[in-house]
Amino acid sequence: MTESLLSIKGVEKHFGAVRAIDGIDLEIYENEFFALLGASGSGKTTLLRMLAGFEIPDAGQIILDGKDVSRIPPNHRPVNLMFQSYALFPHMSVAQNIAYGLEMEKLPKAQIKSRVDEILDVIQLGHLAKRKPDQLSGGQRQRVALARALVKRPRLLLLDEPLGALDKKLRGEMQLELKRIQHEFGITFIIVTHDQEEALVMADRVAILKDGKLLQSGTPREIYEHPGSRFAADFIGVMNFFPVREVDGKLIAEDGSVIAAGTPLSAGQQGVAAVRPERLSLTIKAENSITGKVVATAYHGLDLQVHLKTPAAPEPILMRLTASDAEARPVAEGDEITVYWAARDTRAFPL
Ligand SMILES: Nc1ncnc2c1ncn2[C@@H]1O[C@H](COP(=O)(O)OP(=O)(O)OP(=O)(O)O)[C@@H](O)[C@H]1O
Ligand SMILES: [Mg+2]
């Protein structure tokens with residue numbers, strides 16, 4: 001996964017006064033499963049449309065396989081875009097829907113058949129090849145749409161919110177399914193999502209977009225464990241924040257609690273210290289501690305979520321106790337408890 005397939009260099013796209021894409025540099029590698037993550041309006045679709053050729057950048061270059069494709073029309077790029085709302089042809093069977101693109105390319109009949117059969121196998125819908133789209137479930141339809149995009153064997157497949165229309169359970173299944181299909185086909189995927197959990201689960205690497213800019217990119221672990229900014233820390237997963245000030249190499253919370261952060265601020269600087277809920281523990285084993293009152297608990301099966309009001313932070317702190325920890329040491333609303341965490345699990349960001 002070290003060969004670069006796609007280089008996005010200084011790409012900009014403006015719509016009137018809106019800087020939809022405001023100077024983005026990004027490398028995407030062969031066979032990578034890459035996720036673009038960002039809030040609504042952050043520029044995800046605009047970037048995909050430029051990669052597919054439906055928009056021309058105002059500045060910068062899009063280099064695919066060493067060639068600048070920025071100005072090459074969509075049908076002449078080895079790229080396929082699966083739209084935010086995909087539409088199957090209702091009067092055609094599953095197999096005909098998949099074959100359609102290859103027929104447009106005027107491939108020999110036998111070759112079309114073998115490619116359609118091959119892909120039906122991958123999406124595991126061979127037994128439904130003769131059905132019409134309205135005789136399929138949402139997840140099956142979604143797989144047919146994916147097959148239709150894959151059968152043309154693009155170098156790069158772009159998927160804009162492909163799972164947006166599915167319910168939560170099916171969505172989870174399709175996330176794993178997409179990963180498997182991508183792996184089996186060895187095609188580079190760039191997927192757009194505004195669901196951070198989905199990005200973490202599926203992607204080899206994730207890029208966070210904000211207001212048309214690239215905020216951070218990295219593996220899911222890097223992004224989750226080492227967010228580069230307060231925004232990224234807040235956007236990805238759940239994070240507890242303590243307003244702090246740097247005093248003599250330590251971070252001091254509003255109530256005077258000492259928080260020795262992993263990434264210290266400069267002398268006297270104000271900022272926020274951040275720690276993930278699952279890093280908090282009831283066992284005295286670590287440098288940092290906060291005492292507070294339990295204001296709510298919520299049972300989630302795998303864990304017990306404990307909300308703690310503490311003078312060290314304006315918002316209640318969230319702790320996630322594993323089911324077994326919660327059994328060993330019951331916690332109830334109204335309890336005063338002290339929670340601990342390791343200094344190395346603390347991140348700090350200047351204000
Ligand atoms: N054709 C257009 N004309 C004018 N403004 C546009 C056009 N397309 C997009 N924009 C603007 O560019 C910005 C980025 O839009 P884009 O569709 O890329 O966002 P997105 O990240 O895909 O959002 P969503 O998650 O809602 O799909 C938005 O402010 C949007 O209003
Ligand atoms: Mg969009």
# chains A, B, ... in the order shown; residues from 1 in each chain; ligands from 1
>>> residues_near_ligand(ligand="ligand 1", cutoff="6 Å", atoms="only C-alpha atoms and all ligand atoms", output="list in words")
Phe15, Ala20, Ala39, Ser40, Gly41, Ser42, Gly43, Lys44, Thr45 and Thr46 of chain A
>>> residues_around(residues="range 102-116 of chain A", least_positions_apart="3", cutoff="12 Å", atoms="only C-alpha atoms", output="list in words")
Asn75, His76, Val94, Ala95, Gln96, Asn97, Ile98, Ala99, Ile119, Leu120, Asp121, Val122, Ile123, Gln124, Leu125, Gly126, Ala129, Val144, Ala147, Arg148, Ala149, Leu150, Val151, Lys152 and Arg153 of chain A
>>> write_last_selection(atoms="C-alpha atoms", output="tab-separated table (two decimals), in the first residue's frame")
chain	number	residue	atom	x	y	z
A	75	ASN	CA	-16.22	9.20	-19.01
A	76	HIS	CA	-12.54	9.33	-19.92
A	94	VAL	CA	-30.36	-7.34	-11.25
A	95	ALA	CA	-28.09	-8.90	-13.90
A	96	GLN	CA	-29.24	-6.44	-16.57
A	97	ASN	CA	-28.67	-3.51	-14.24
A	98	ILE	CA	-25.11	-4.67	-13.65
A	99	ALA	CA	-24.44	-5.43	-17.33
A	119	ILE	CA	-19.39	-9.80	-9.59
A	120	LEU	CA	-22.71	-11.43	-8.64
A	121	ASP	CA	-20.57	-13.99	-6.88
A	122	VAL	CA	-18.66	-11.32	-4.95
A	123	ILE	CA	-21.81	-9.54	-3.80
A	124	GLN	CA	-23.43	-12.92	-3.11
A	125	LEU	CA	-26.59	-12.21	-5.10
A	126	GLY	CA	-26.24	-14.84	-7.86
A	129	ALA	CA	-29.93	-12.27	-10.67
A	144	VAL	CA	-26.45	-4.15	-6.78
A	147	ALA	CA	-21.78	-4.12	-8.30
A	148	ARG	CA	-22.80	-1.82	-11.13
A	149	ALA	CA	-19.98	0.54	-10.21
A	150	LEU	CA	-17.42	-2.23	-9.64
A	151	VAL	CA	-18.10	-4.22	-12.80
A	152	LYS	CA	-16.42	-1.54	-14.89
A	153	ARG	CA	-13.22	-2.20	-12.93
>>> select_by_dssp(residues="range 171-319 of chain A", states="alpha helix (DSSP H)", output="ChimeraX atom specification")
/A:171-185,196-202,220-225,230-235
>>> write_last_selection(atoms="C-alpha atoms", output="compact mmCIF listing (two decimals), in the first residue's frame")
# COMPACT_ATOMS: atom_id res chain seq x y z
CA ARG A 171 -25.56 -0.34 7.95
CA GLY A 172 -23.23 -2.19 10.31
CA GLU A 173 -23.41 -5.33 8.18
CA MET A 174 -22.82 -3.39 4.96
CA GLN A 175 -19.79 -1.67 6.47
CA LEU A 176 -18.08 -5.04 6.88
CA GLU A 177 -19.40 -6.16 3.50
CA LEU A 178 -17.95 -3.12 1.72
CA LYS A 179 -14.60 -3.79 3.35
CA ARG A 180 -14.65 -7.41 2.23
CA ILE A 181 -15.60 -6.50 -1.35
CA GLN A 182 -12.95 -3.81 -1.52
CA HIS A 183 -10.36 -6.29 -0.30
CA GLU A 184 -11.45 -8.99 -2.73
CA PHE A 185 -11.44 -6.64 -5.72
CA GLN A 196 -17.30 9.24 12.38
CA GLU A 197 -17.86 5.76 13.75
CA GLU A 198 -18.39 4.43 10.24
CA ALA A 199 -15.16 6.05 9.06
CA LEU A 200 -13.20 4.52 11.95
CA VAL A 201 -14.65 1.04 11.38
CA MET A 202 -14.13 0.85 7.64
CA PRO A 220 -8.30 5.57 12.59
CA ARG A 221 -6.09 4.89 15.60
CA GLU A 222 -3.93 7.98 15.01
CA ILE A 223 -6.98 10.19 14.56
CA TYR A 224 -8.73 8.80 17.62
CA GLU A 225 -5.73 8.64 19.98
CA ARG A 230 -9.61 20.50 19.73
CA PHE A 231 -12.09 20.30 16.85
CA ALA A 232 -10.83 16.86 15.77
CA ALA A 233 -10.84 15.66 19.39
CA ASP A 234 -14.45 16.72 19.75
CA PHE A 235 -15.58 15.53 16.31
>>> select_by_dssp(residues="range 291-348 of chain A", states="strand (DSSP E or B)", output="PyMOL selection string")
chain A and resi 291-299+303-309+317-322+336-341+347-348
>>> closest_residue(among="A:Ala87, A:Met82, A:Val294, A:Val192", to="ligand 2", atoms="only C-alpha atoms and all ligand atoms")
A:Val192
>>> residues_around(residues="Lys293 in chain A", least_positions_apart="4", cutoff="8 Å", atoms="only C-alpha atoms", output="PyMOL selection string")
chain A and resi 308-310+333-337
>>> closest_residue(among="A:Arg71, A:Arg205, A:Lys9, A:Arg141", to="Ala35 in chain A", atoms="only C-alpha atoms")
A:Arg205
>>> residues_around(residues="Ile21 in chain A", least_positions_apart="5", cutoff="8 Å", atoms="only C-alpha atoms", output="NGL selection string")
:A and (11-14 or 43 or 46-47 or 211-213)
>>> closest_residue(among="A:Asp58, A:Glu161, A:Asp68, A:Glu30", to="ligand 2", atoms="only C-alpha atoms and all ligand atoms")
A:Glu161
>>> atom_distance(atom1="CA of Ser7 in chain A", atom2="CA of Leu37 in chain A")
18.1 Å
